[in-house]
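Text of model_7.pdb (PDB, C-alpha atoms) as supplied:
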ATOM      1  CA  MET A 966     -55.919 239.554 135.316
ATOM      2  CA  THR A 967     -58.140 236.453 135.060
ATOM      3  CA  LEU A 968     -60.351 234.458 137.420
ATOM      4  CA  LYS A 969     -57.992 231.514 137.038
ATOM      5  CA  LYS A 970     -55.046 233.553 138.354
ATOM      6  CA  TYR A 971     -57.040 234.762 141.346
ATOM      7  CA  VAL A 972     -58.163 231.234 142.187
ATOM      8  CA  ILE A 973     -54.583 229.906 141.907
ATOM      9  CA  GLY A 974     -53.317 232.747 144.117
ATOM     10  CA  PHE A 975     -56.058 232.184 146.671
ATOM     11  CA  VAL A 976     -55.591 228.411 146.915
ATOM     12  CA  LEU A 977     -51.784 228.704 147.155
ATOM     13  CA  SER A 978     -52.018 231.427 149.836
ATOM     14  CA  LEU A 979     -54.521 229.405 151.851
ATOM     15  CA  ALA A 980     -52.347 226.286 151.633
ATOM     16  CA  LEU A 981     -49.216 228.210 152.693
ATOM     17  CA  THR A 982     -51.063 229.843 155.625
ATOM     18  CA  LEU A 983     -52.418 226.521 156.889
ATOM     19  CA  LEU A 984     -49.034 224.836 156.404
ATOM     20  CA  ALA A 985     -47.294 227.525 158.500
ATOM     21  CA  TYR A 986     -49.975 227.195 161.179
ATOM     22  CA  VAL A 987     -49.735 223.398 161.322
ATOM     23  CA  VAL A 988     -45.931 223.502 161.442
ATOM     24  CA  VAL A 989     -46.112 225.700 164.570
ATOM     25  CA  THR A 990     -49.004 224.026 166.390
ATOM     26  CA  GLY A 991     -47.966 220.503 165.407
ATOM     27  CA  GLY A 992     -44.482 220.979 166.854
ATOM     28  CA  VAL A 993     -42.805 218.977 164.074
ATOM     29  CA  VAL A 994     -39.876 221.373 163.713
ATOM     30  CA  SER A 995     -38.461 223.560 166.483
ATOM     31  CA  GLY A 996     -35.755 226.115 167.259
ATOM     32  CA  THR A 997     -33.944 228.109 164.611
ATOM     33  CA  ALA A 998     -34.999 225.728 161.831
ATOM     34  CA  LEU A 999     -38.647 226.574 162.566
ATOM     35  CA  LEU A1000     -37.967 230.317 162.311
ATOM     36  CA  TRP A1001     -36.245 229.891 158.936
ATOM     37  CA  LEU A1002     -39.068 227.672 157.718
ATOM     38  CA  LEU A1003     -41.752 230.196 158.775
ATOM     39  CA  GLY A1004     -39.814 233.072 157.207
ATOM     40  CA  GLY A1005     -39.450 231.072 154.007
ATOM     41  CA  LEU A1006     -43.170 230.248 153.857
ATOM     42  CA  ALA A1007     -44.046 233.946 154.390
ATOM     43  CA  LEU A1008     -41.673 234.984 151.582
ATOM     44  CA  VAL A1009     -43.142 232.385 149.208
ATOM     45  CA  GLN A1010     -46.676 233.606 150.011
ATOM     46  CA  MET A1011     -45.545 237.196 149.461
ATOM     47  CA  ILE A1012     -44.297 236.296 145.982
ATOM     48  CA  VAL A1013     -47.522 234.350 145.252
ATOM     49  CA  GLN A1014     -49.667 237.354 146.190
ATOM     50  CA  LEU A1015     -47.421 239.842 144.361
ATOM     51  CA  VAL A1016     -47.745 237.779 141.178
ATOM     52  CA  TYR A1017     -51.365 236.575 141.369
ATOM     53  CA  PHE A1018     -53.105 239.407 143.277
ATOM     54  CA  LEU A1019     -50.967 242.494 142.600
ATOM     55  CA  HIS A1020     -50.011 241.370 139.065
ATOM     56  CA  LEU A1021     -46.400 242.459 139.412
ATOM     57  CA  GLY A1022     -45.358 240.169 136.561
ATOM     58  CA  GLU A1023     -47.877 241.575 134.056
ATOM     59  CA  GLU A1024     -46.290 245.014 133.890
ATOM     60  CA  VAL A1025     -45.143 246.094 130.428
ATOM     61  CA  GLY A1026     -42.774 248.841 129.327
ATOM     62  CA  PRO A1027     -40.539 250.457 131.955
ATOM     63  CA  ARG A1028     -41.211 248.296 134.998
ATOM     64  CA  TYR A1029     -41.537 251.120 137.512
ATOM     65  CA  ARG A1030     -43.499 249.003 139.997
ATOM     66  CA  LEU A1031     -40.967 246.212 140.038
ATOM     67  CA  GLN A1032     -38.062 248.674 140.295
ATOM     68  CA  SER A1033     -39.612 250.637 143.161
ATOM     69  CA  PHE A1034     -40.563 247.388 144.874
ATOM     70  CA  LEU A1035     -37.003 246.069 144.713
ATOM     71  CA  TYR A1036     -35.621 249.391 145.945
ATOM     72  CA  MET A1037     -38.109 249.334 148.833
ATOM     73  CA  ALA A1038     -37.221 245.713 149.626
ATOM     74  CA  GLY A1039     -33.514 246.635 149.792
ATOM     75  CA  ALA A1040     -34.139 249.520 152.178
ATOM     76  CA  LEU A1041     -36.481 247.332 154.231
ATOM     77  CA  VAL A1042     -33.850 244.631 154.663
ATOM     78  CA  ILE A1043     -31.294 247.236 155.791
ATOM     79  CA  ILE A1044     -33.718 248.659 158.387
ATOM     80  CA  VAL A1045     -34.945 245.351 159.784
ATOM     81  CA  VAL A1046     -31.764 243.242 159.620
ATOM     82  CA  GLY A1047     -29.631 246.231 160.664
ATOM     83  CA  SER A1048     -31.793 246.922 163.710
ATOM     84  CA  ILE A1049     -31.760 243.303 164.845
ATOM     85  CA  TRP A1050     -28.014 243.001 164.289
ATOM     86  CA  ILE A1051     -27.054 246.159 166.158
ATOM     87  CA  MET A1052     -29.422 245.658 169.060
ATOM     88  CA  GLN A1053     -28.358 242.033 169.559
ATOM     89  CA  ASN A1054     -24.697 243.029 169.592
ATOM     90  CA  LEU A1055     -25.506 245.713 172.113
ATOM     91  CA  ASN A1056     -27.256 243.193 174.335
ATOM     92  CA  TYR A1057     -24.415 240.711 173.944
ATOM     93  CA  ASN A1058     -21.700 243.232 174.795
ATOM     94  CA  MET A1059     -23.516 244.422 177.902
ATOM     95  CA  MET A1060     -24.936 241.111 178.945
ATOM     96  CA  ASN A1061     -23.061 240.516 182.220
ATOM     97  CA  MET A1062     -23.025 244.068 183.534
ATOM     98  CA  SER A1063     -25.015 245.626 186.324
ATOM     99  CA  PRO A1064     -26.701 248.970 185.529
ATOM    100  CA  ASP A1065     -23.832 250.801 187.326
ATOM    101  CA  GLU A1066     -21.213 248.933 185.340
ATOM    102  CA  LYS A1067     -23.064 249.762 182.145
ATOM    103  CA  THR A1068     -22.953 253.462 182.994
ATOM    104  CA  GLN A1069     -19.223 253.244 183.806
ATOM    105  CA  TYR A1070     -18.575 251.297 180.598
ATOM    106  CA  MET A1071     -20.442 253.822 178.474
ATOM    107  CA  LEU A1072     -18.629 256.751 180.101
ATOM    108  CA  LYS A1073     -15.284 255.046 179.456
ATOM    109  CA  GLU A1074     -16.218 254.358 175.820
ATOM    110  CA  HIS A1075     -17.358 257.938 175.477
ATOM    111  CA  ASP A1076     -14.034 259.278 176.809
ATOM    112  CA  LYS A1077     -12.183 257.255 174.192
ATOM    113  CA  GLY A1078     -13.898 259.266 171.527
ATOM    114  CA  PHE A1079     -15.179 257.965 168.220
TER     115      PHE A1079
ATOM    116  CA  MET B1445     -54.064 260.496 121.148
ATOM    117  CA  SER B1446     -57.589 259.073 121.211
ATOM    118  CA  GLU B1447     -59.678 259.553 124.326
ATOM    119  CA  LYS B1448     -59.467 255.865 125.194
ATOM    120  CA  ALA B1449     -55.687 255.713 124.888
ATOM    121  CA  GLU B1450     -55.399 258.878 126.957
ATOM    122  CA  GLU B1451     -57.587 257.321 129.653
ATOM    123  CA  LYS B1452     -55.452 254.192 129.661
ATOM    124  CA  ALA B1453     -52.265 256.243 130.012
ATOM    125  CA  LEU B1454     -53.807 258.190 132.903
ATOM    126  CA  LEU B1455     -54.789 254.952 134.643
ATOM    127  CA  GLY B1456     -51.227 253.691 134.223
ATOM    128  CA  ARG B1457     -49.731 256.893 135.662
ATOM    129  CA  THR B1458     -52.086 257.096 138.665
ATOM    130  CA  SER B1459     -51.637 253.447 139.583
ATOM    131  CA  VAL B1460     -47.837 253.763 139.424
ATOM    132  CA  GLY B1461     -48.101 256.836 141.675
ATOM    133  CA  PHE B1462     -50.320 254.977 144.100
ATOM    134  CA  TRP B1463     -47.909 252.037 144.003
ATOM    135  CA  LEU B1464     -45.106 254.396 145.074
ATOM    136  CA  TYR B1465     -47.253 255.473 148.039
ATOM    137  CA  LEU B1466     -47.686 251.791 148.957
ATOM    138  CA  MET B1467     -43.900 251.351 148.865
ATOM    139  CA  THR B1468     -43.459 254.234 151.332
ATOM    140  CA  ASP B1469     -46.146 252.632 153.496
ATOM    141  CA  CYS B1470     -44.016 249.474 153.441
ATOM    142  CA  MET B1471     -41.170 251.518 154.895
ATOM    143  CA  LEU B1472     -43.470 252.634 157.718
ATOM    144  CA  PHE B1473     -44.319 249.004 158.440
ATOM    145  CA  ALA B1474     -40.642 248.021 158.112
ATOM    146  CA  SER B1475     -39.672 250.364 160.954
ATOM    147  CA  LEU B1476     -42.561 249.114 163.093
ATOM    148  CA  PHE B1477     -41.542 245.506 162.395
ATOM    149  CA  ALA B1478     -37.911 246.282 163.276
ATOM    150  CA  THR B1479     -39.059 247.920 166.531
ATOM    151  CA  PHE B1480     -41.260 244.960 167.370
ATOM    152  CA  VAL B1481     -38.558 242.370 166.716
ATOM    153  CA  VAL B1482     -36.033 244.275 168.842
ATOM    154  CA  LEU B1483     -38.476 244.764 171.735
ATOM    155  CA  ARG B1484     -40.352 241.475 171.634
ATOM    156  CA  THR B1485     -38.455 240.046 174.620
ATOM    157  CA  ALA B1486     -38.684 243.268 176.667
ATOM    158  CA  THR B1487     -41.737 242.129 178.605
ATOM    159  CA  ALA B1488     -40.879 243.908 181.899
ATOM    160  CA  ASP B1489     -42.225 240.946 183.963
ATOM    161  CA  GLY B1490     -45.507 241.212 182.049
ATOM    162  CA  PRO B1491     -46.871 238.546 179.712
ATOM    163  CA  SER B1492     -44.884 237.342 176.686
ATOM    164  CA  SER B1493     -46.419 236.597 173.294
ATOM    165  CA  ARG B1494     -46.848 232.941 174.241
ATOM    166  CA  ASP B1495     -49.097 233.928 177.176
ATOM    167  CA  ILE B1496     -51.532 236.220 175.366
ATOM    168  CA  PHE B1497     -52.025 235.058 171.777
ATOM    169  CA  GLU B1498     -55.049 232.914 170.916
ATOM    170  CA  MET B1499     -53.864 231.196 167.771
ATOM    171  CA  PRO B1500     -57.182 229.718 166.474
ATOM    172  CA  LEU B1501     -58.646 233.239 166.546
ATOM    173  CA  VAL B1502     -55.611 234.675 164.735
ATOM    174  CA  LEU B1503     -55.842 231.960 162.069
ATOM    175  CA  THR B1504     -59.526 232.875 161.589
ATOM    176  CA  GLU B1505     -58.557 236.544 161.138
ATOM    177  CA  THR B1506     -55.895 235.557 158.606
ATOM    178  CA  ILE B1507     -58.278 233.443 156.530
ATOM    179  CA  ILE B1508     -61.011 236.123 156.656
ATOM    180  CA  LEU B1509     -58.574 238.723 155.323
ATOM    181  CA  LEU B1510     -57.314 236.356 152.627
ATOM    182  CA  VAL B1511     -60.886 235.623 151.450
ATOM    183  CA  SER B1512     -61.624 239.379 151.418
ATOM    184  CA  SER B1513     -58.547 239.885 149.229
ATOM    185  CA  PHE B1514     -59.996 237.272 146.853
ATOM    186  CA  THR B1515     -63.477 238.879 146.772
ATOM    187  CA  CYS B1516     -61.794 242.216 146.078
ATOM    188  CA  GLY B1517     -60.172 240.482 143.092
ATOM    189  CA  LEU B1518     -63.648 239.335 141.960
ATOM    190  CA  ALA B1519     -64.765 242.977 142.042
ATOM    191  CA  LEU B1520     -61.800 243.945 139.839
ATOM    192  CA  LEU B1521     -62.664 241.115 137.412
ATOM    193  CA  GLY B1522     -66.285 242.318 137.320
ATOM    194  CA  MET B1523     -65.008 245.811 136.546
ATOM    195  CA  LYS B1524     -62.911 244.456 133.686
ATOM    196  CA  ALA B1525     -65.901 242.564 132.262
ATOM    197  CA  GLY B1526     -68.190 245.576 132.707
ATOM    198  CA  LYS B1527     -70.503 243.720 135.140
ATOM    199  CA  VAL B1528     -71.600 246.356 137.652
ATOM    200  CA  ARG B1529     -73.685 243.887 139.683
ATOM    201  CA  GLN B1530     -70.672 241.627 140.247
ATOM    202  CA  VAL B1531     -68.594 244.644 141.290
ATOM    203  CA  ILE B1532     -71.200 245.662 143.878
ATOM    204  CA  TRP B1533     -71.753 242.276 145.494
ATOM    205  CA  ALA B1534     -68.050 241.454 145.519
ATOM    206  CA  LEU B1535     -67.302 244.788 147.190
ATOM    207  CA  ALA B1536     -70.142 244.209 149.689
ATOM    208  CA  LEU B1537     -68.599 240.828 150.593
ATOM    209  CA  THR B1538     -65.173 242.458 150.885
ATOM    210  CA  TYR B1539     -66.648 245.044 153.246
ATOM    211  CA  MET B1540     -68.320 242.441 155.461
ATOM    212  CA  LEU B1541     -65.175 240.324 155.669
ATOM    213  CA  GLY B1542     -62.997 243.372 156.380
ATOM    214  CA  ALA B1543     -65.419 244.514 159.083
ATOM    215  CA  ALA B1544     -65.425 241.018 160.626
ATOM    216  CA  PHE B1545     -61.610 241.077 160.681
ATOM    217  CA  LEU B1546     -61.591 244.440 162.413
ATOM    218  CA  VAL B1547     -64.195 243.354 164.993
ATOM    219  CA  ILE B1548     -62.121 240.268 165.904
ATOM    220  CA  GLU B1549     -58.953 242.360 166.159
ATOM    221  CA  LEU B1550     -60.600 245.017 168.329
ATOM    222  CA  SER B1551     -62.132 242.366 170.608
ATOM    223  CA  GLU B1552     -58.628 240.881 170.996
ATOM    224  CA  PHE B1553     -57.289 244.328 171.914
ATOM    225  CA  ALA B1554     -60.204 244.984 174.311
ATOM    226  CA  LYS B1555     -59.634 241.641 176.033
ATOM    227  CA  LEU B1556     -55.917 242.359 176.500
ATOM    228  CA  VAL B1557     -56.587 245.830 177.900
ATOM    229  CA  SER B1558     -59.327 244.576 180.235
ATOM    230  CA  GLU B1559     -56.894 241.962 181.594
ATOM    231  CA  GLY B1560     -54.435 244.737 182.367
ATOM    232  CA  HIS B1561     -52.129 244.006 179.419
ATOM    233  CA  SER B1562     -52.386 247.378 177.701
ATOM    234  CA  TRP B1563     -49.651 249.153 175.714
ATOM    235  CA  GLN B1564     -48.481 250.761 178.953
ATOM    236  CA  GLN B1565     -47.397 247.507 180.557
ATOM    237  CA  SER B1566     -44.223 246.727 178.624
ATOM    238  CA  ALA B1567     -42.141 247.685 175.604
ATOM    239  CA  PHE B1568     -43.231 244.424 173.965
ATOM    240  CA  LEU B1569     -46.918 245.327 174.318
ATOM    241  CA  SER B1570     -46.285 248.910 173.107
ATOM    242  CA  ALA B1571     -44.584 247.567 169.988
ATOM    243  CA  PHE B1572     -47.324 244.952 169.503
ATOM    244  CA  PHE B1573     -50.198 247.431 169.742
ATOM    245  CA  THR B1574     -48.415 249.955 167.505
ATOM    246  CA  LEU B1575     -47.615 247.469 164.738
ATOM    247  CA  VAL B1576     -50.904 245.546 164.703
ATOM    248  CA  GLY B1577     -52.924 248.703 165.436
ATOM    249  CA  THR B1578     -51.360 250.560 162.485
ATOM    250  CA  HIS B1579     -52.399 247.717 160.196
ATOM    251  CA  GLY B1580     -55.905 247.791 161.738
ATOM    252  CA  LEU B1581     -56.079 251.534 161.122
ATOM    253  CA  HIS B1582     -55.265 250.909 157.456
ATOM    254  CA  ILE B1583     -58.105 248.363 157.313
ATOM    255  CA  LEU B1584     -60.486 250.919 158.860
ATOM    256  CA  ILE B1585     -59.464 253.534 156.282
ATOM    257  CA  GLY B1586     -59.963 250.901 153.563
ATOM    258  CA  LEU B1587     -63.489 250.182 154.839
ATOM    259  CA  ILE B1588     -64.408 253.894 154.805
ATOM    260  CA  TRP B1589     -62.947 254.183 151.289
ATOM    261  CA  LEU B1590     -65.000 251.135 150.260
ATOM    262  CA  VAL B1591     -68.306 252.685 151.427
ATOM    263  CA  VAL B1592     -67.571 255.898 149.528
ATOM    264  CA  LEU B1593     -66.522 253.912 146.449
ATOM    265  CA  VAL B1594     -69.687 251.772 146.373
ATOM    266  CA  GLY B1595     -71.787 254.940 146.817
ATOM    267  CA  VAL B1596     -70.066 256.602 143.863
ATOM    268  CA  ILE B1597     -70.393 253.486 141.657
ATOM    269  CA  LEU B1598     -74.122 253.176 142.483
ATOM    270  CA  ARG B1599     -74.631 256.854 141.618
ATOM    271  CA  ARG B1600     -72.495 257.220 138.508
ATOM    272  CA  GLY B1601     -71.946 253.654 137.285
ATOM    273  CA  MET B1602     -68.609 252.456 135.889
ATOM    274  CA  THR B1603     -67.090 255.655 134.525
ATOM    275  CA  ALA B1604     -63.406 256.150 133.738
ATOM    276  CA  LYS B1605     -63.041 257.826 137.137
ATOM    277  CA  THR B1606     -64.699 255.071 139.177
ATOM    278  CA  ILE B1607     -62.643 252.466 137.296
ATOM    279  CA  ARG B1608     -59.496 254.338 138.307
ATOM    280  CA  GLN B1609     -60.594 254.565 141.942
ATOM    281  CA  LEU B1610     -61.555 250.894 142.098
ATOM    282  CA  THR B1611     -58.186 249.891 140.605
ATOM    283  CA  LEU B1612     -56.354 251.854 143.305
ATOM    284  CA  PHE B1613     -58.562 250.420 146.045
ATOM    285  CA  GLY B1614     -57.760 246.931 144.763
ATOM    286  CA  LEU B1615     -54.019 247.613 145.074
ATOM    287  CA  PHE B1616     -54.513 248.990 148.606
ATOM    288  CA  TRP B1617     -56.588 246.037 149.808
ATOM    289  CA  HIS B1618     -54.309 243.341 148.344
ATOM    290  CA  PHE B1619     -51.351 245.184 149.856
ATOM    291  CA  LEU B1620     -52.946 245.099 153.340
ATOM    292  CA  ASP B1621     -53.300 241.324 153.075
ATOM    293  CA  LEU B1622     -49.623 241.143 152.103
ATOM    294  CA  VAL B1623     -48.605 243.088 155.226
ATOM    295  CA  TRP B1624     -50.810 240.831 157.356
ATOM    296  CA  ILE B1625     -48.910 237.712 156.171
ATOM    297  CA  PHE B1626     -45.846 239.146 157.901
ATOM    298  CA  ILE B1627     -47.748 240.168 161.039
ATOM    299  CA  PHE B1628     -49.223 236.652 161.180
ATOM    300  CA  THR B1629     -45.781 235.079 160.714
ATOM    301  CA  ILE B1630     -43.477 237.370 162.710
ATOM    302  CA  VAL B1631     -45.756 238.538 165.527
ATOM    303  CA  TYR B1632     -48.015 235.553 166.050
ATOM    304  CA  LEU B1633     -46.448 232.341 164.667
ATOM    305  CA  MET B1634     -42.853 233.165 165.631
ATOM    306  CA  GLY B1635     -44.175 234.659 168.885
ATOM    307  CA  VAL B1636     -45.606 231.373 170.087
ATOM    308  CA  ALA B1637     -42.872 229.263 168.455
ATOM    309  CA  VAL B1638     -39.967 230.657 170.487
TER     310      VAL B1638
END

Could you take the file, read its structure, and then write that structure out as C-alpha cells?
Amino acid sequence: MTLKKYVIGFVLSLALTLLAYVVVTGGVVSGTALLWLLGGLALVQMIVQLVYFLHLGEEVGPRYRLQSFLYMAGALVIIVVGSIWIMQNLNYNMMNMSPDEKTQYMLKEHDKGF
Amino acid sequence: MSEKAEEKALLGRTSVGFWLYLMTDCMLFASLFATFVVLRTATADGPSSRDIFEMPLVLTETIILLVSSFTCGLALLGMKAGKVRQVIWALALTYMLGAAFLVIELSEFAKLVSEGHSWQQSAFLSAFFTLVGTHGLHILIGLIWLVVLVGVILRRGMTAKTIRQLTLFGLFWHFLDLVWIFIFTIVYLMGVAV
C-alpha cells in the first residue's frame, strides 16, 4: 500500500472510464463489437482497482480473499450469463405467438411432462 | 504472542471476514444486474434507456466517485504513516465527494419521477431504480459510517480499534466504486449504445 500504487490505479481508472465514454459518444465502434469492447474495458478497470485499490495481489499466506473472490466470480457468471441465456431462449421460442397461442403452447408442453 | 502480533492477526481475521461479506454483497448485485439485463427492453411503451439518461451527468458522477475512492486511499495511507491530520482531511474530502455523488443521483431520480417515469411505469424502470438505488443506499450507509468513524477518530485518536474500523471502511468504499464501474458500463454506456 503506497501512494505510487494509488496514483497509478487512479490514473488508469480515469483513463479507462474516459476511453469507454468516448468510444460510446464518439460512435467509432457500433453493434456487438461495441458491447464486447465496453465489457472488456470494465473488466480491465475491475482488475486495476482490485490490484491497486483493494490490494488483492498483496495478500500473503492462505489467499482467502482471492479464493473467495474467484468463487464469487464463478457464481456471479452463472447467475448473470445463465439468466440472459435462458430468458433469451424463452423469448426466441415464443417470439411469433399471440398471448393465446402462448397459453396453448405452455399447456401442451405441460401435458407432455418433464 | 506479543500484543502487536496479536493485533495484526486480529486485523487480518476481521478484514477477511468483512471481505466475505463484500463477496455476498456482490451476489446481491449480481442478481440485480441479471434482472436488469433481462428486463432492460421491457419498457411497456414507456421510455427506453436512450431516452432518459443524461450521459455528461453520469460521467460526472463516475469521476466524483472515482476521486472519492482515491481520497479514501489517501486516508488509509495517512493511517499507515500515523498522520491523523491527513486521515481526517482525506476522510472529509471523501465524505464531500460521496455526498455530491448521492445528491446528483437523487436529483436524477427526482427528475425521472417528476416526469412520470417512476419505477411503476415499466419493468425496465423498476429494474433500473432497484439496481442503481441499492448502490445509492450503500453509499448512504457508507456516508453515515464515515461520520461515525471521523467522530471516533477525533475522540480517541488512532487506536488499534479505529485502525481496524478505518481499514474495513476503506474496503467498503473501494468496493462501491468497483460496483459502480459495472453500473456505469452496463446500465448507462450499453444502455445508450444499443

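Nearest residue to A:Leu1021, choosing from A:Met966, A:Val993, A:Leu984, A:Ile1049 and counting all atoms listed in the file: A:Met966.
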
Test item: chain A residues at most 8 Å from chain B, counting all atoms listed in the file, as an MDAnalysis selection string
chainID A and resid 966:968 971:972 975 978:979 985:986 989 995:996 999:1000 1003:1004 1007 1010:1011 1014 1018:1019 1029:1030 1033:1034 1037 1040:1041 1044:1046 1048:1049 1052

With 3 Å on each side, where is the centre of the axis-aligned box around all listed atoms of stretch 1042-1053 of chain A, and how long are its edges in Å to one decimal, as AutoDock Vina command-line options?
--center_x -31.0 --center_y 245.3 --center_z 162.1 --size_x 13.9 --size_y 12.6 --size_z 20.9

Show me, as an MDAnalysis selection string, the residues that have an atom within 10 Å of B:Gly1635 when counting only C-alpha atoms, minus same-chain residues fewer than 6 positions from it.
chainID B and resid 1481 1484:1485 1492:1497 1628:1629

Please evaluate the PyMOL selection byres ((chain B and resi 1592-1603) around 10) against the displayed coordinates and give the resulting residues as a PyMOL selection string.
chain B and resi 1523+1526-1529+1531-1533+1535-1536+1586-1591+1604-1610+1613

Shell around stretch 1579-1581 of chain B at 8 Å using all atoms listed in the file, local window under 4 positions removed, as a VMD selection string:
chain B and resid 1546 1549 1575 1585 1620 1623 to 1624

When the PyMOL selection byres ((chain B and resi 1553-1568) around 6) is applied to the file above, which residues end up in the set, as a VMD selection string?
chain B and resid 1483 to 1484 1486 to 1488 1550 to 1552 1569 to 1571

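Here atom CA of A:Glu1023 stands at a distance of 22.3 Å from atom CA of B:Ser1512.
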
Working from the structure I just supplied, which lacks atoms in stretch 1042-1049 of chain A, can you model all heavy atoms there and output them as a PDB file, keeping the file's coordinate frame?
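Okay, this is what ended up in out-v8.pdb:
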ATOM      1  N   VAL A1042     -34.784 245.608 154.094  1.00  0.00           N
ATOM      2  CA  VAL A1042     -33.850 244.631 154.663  1.00  0.00           C
ATOM      3  C   VAL A1042     -32.798 245.347 155.510  1.00  0.00           C
ATOM      4  O   VAL A1042     -32.453 244.900 156.611  1.00  0.00           O
ATOM      5  CB  VAL A1042     -33.198 243.791 153.539  1.00  0.00           C
ATOM      6  CG1 VAL A1042     -32.016 242.998 154.068  1.00  0.00           C
ATOM      7  CG2 VAL A1042     -34.228 242.854 152.929  1.00  0.00           C
ATOM      8  N   ILE A1043     -32.299 246.493 155.020  1.00  0.00           N
ATOM      9  CA  ILE A1043     -31.294 247.236 155.791  1.00  0.00           C
ATOM     10  C   ILE A1043     -31.873 247.665 157.143  1.00  0.00           C
ATOM     11  O   ILE A1043     -31.247 247.496 158.196  1.00  0.00           O
ATOM     12  CB  ILE A1043     -30.801 248.459 154.995  1.00  0.00           C
ATOM     13  CG1 ILE A1043     -29.993 247.986 153.783  1.00  0.00           C
ATOM     14  CG2 ILE A1043     -29.931 249.360 155.883  1.00  0.00           C
ATOM     15  CD1 ILE A1043     -29.640 249.085 152.818  1.00  0.00           C
ATOM     16  N   ILE A1044     -33.106 248.206 157.130  1.00  0.00           N
ATOM     17  CA  ILE A1044     -33.718 248.659 158.387  1.00  0.00           C
ATOM     18  C   ILE A1044     -33.929 247.502 159.357  1.00  0.00           C
ATOM     19  O   ILE A1044     -33.513 247.558 160.519  1.00  0.00           O
ATOM     20  CB  ILE A1044     -35.088 249.344 158.119  1.00  0.00           C
ATOM     21  CG1 ILE A1044     -34.890 250.670 157.395  1.00  0.00           C
ATOM     22  CG2 ILE A1044     -35.835 249.577 159.432  1.00  0.00           C
ATOM     23  CD1 ILE A1044     -36.182 251.384 157.095  1.00  0.00           C
ATOM     24  N   VAL A1045     -34.562 246.435 158.875  1.00  0.00           N
ATOM     25  CA  VAL A1045     -34.945 245.351 159.784  1.00  0.00           C
ATOM     26  C   VAL A1045     -33.720 244.545 160.227  1.00  0.00           C
ATOM     27  O   VAL A1045     -33.468 244.402 161.424  1.00  0.00           O
ATOM     28  CB  VAL A1045     -36.005 244.440 159.124  1.00  0.00           C
ATOM     29  CG1 VAL A1045     -36.325 243.265 160.037  1.00  0.00           C
ATOM     30  CG2 VAL A1045     -37.280 245.223 158.835  1.00  0.00           C
ATOM     31  N   VAL A1046     -32.934 244.049 159.261  1.00  0.00           N
ATOM     32  CA  VAL A1046     -31.764 243.242 159.620  1.00  0.00           C
ATOM     33  C   VAL A1046     -30.763 244.091 160.404  1.00  0.00           C
ATOM     34  O   VAL A1046     -30.204 243.647 161.406  1.00  0.00           O
ATOM     35  CB  VAL A1046     -31.110 242.626 158.365  1.00  0.00           C
ATOM     36  CG1 VAL A1046     -29.851 241.861 158.730  1.00  0.00           C
ATOM     37  CG2 VAL A1046     -32.089 241.693 157.666  1.00  0.00           C
ATOM     38  N   GLY A1047     -30.553 245.336 159.965  1.00  0.00           N
ATOM     39  CA  GLY A1047     -29.631 246.231 160.664  1.00  0.00           C
ATOM     40  C   GLY A1047     -30.040 246.455 162.108  1.00  0.00           C
ATOM     41  O   GLY A1047     -29.201 246.387 163.015  1.00  0.00           O
ATOM     42  N   SER A1048     -31.323 246.700 162.338  1.00  0.00           N
ATOM     43  CA  SER A1048     -31.793 246.922 163.710  1.00  0.00           C
ATOM     44  C   SER A1048     -31.549 245.706 164.582  1.00  0.00           C
ATOM     45  O   SER A1048     -31.032 245.812 165.697  1.00  0.00           O
ATOM     46  CB  SER A1048     -33.293 247.237 163.723  1.00  0.00           C
ATOM     47  OG  SER A1048     -33.565 248.393 163.002  1.00  0.00           O
ATOM     48  N   ILE A1049     -31.917 244.528 164.046  1.00  0.00           N
ATOM     49  CA  ILE A1049     -31.760 243.303 164.845  1.00  0.00           C
ATOM     50  C   ILE A1049     -30.283 243.075 165.161  1.00  0.00           C
ATOM     51  O   ILE A1049     -29.901 242.799 166.300  1.00  0.00           O
ATOM     52  CB  ILE A1049     -32.338 242.090 164.080  1.00  0.00           C
ATOM     53  CG1 ILE A1049     -33.847 242.281 163.884  1.00  0.00           C
ATOM     54  CG2 ILE A1049     -32.070 240.803 164.821  1.00  0.00           C
ATOM     55  CD1 ILE A1049     -34.468 241.265 162.951  1.00  0.00           C
TER      56      ILE A1049
END
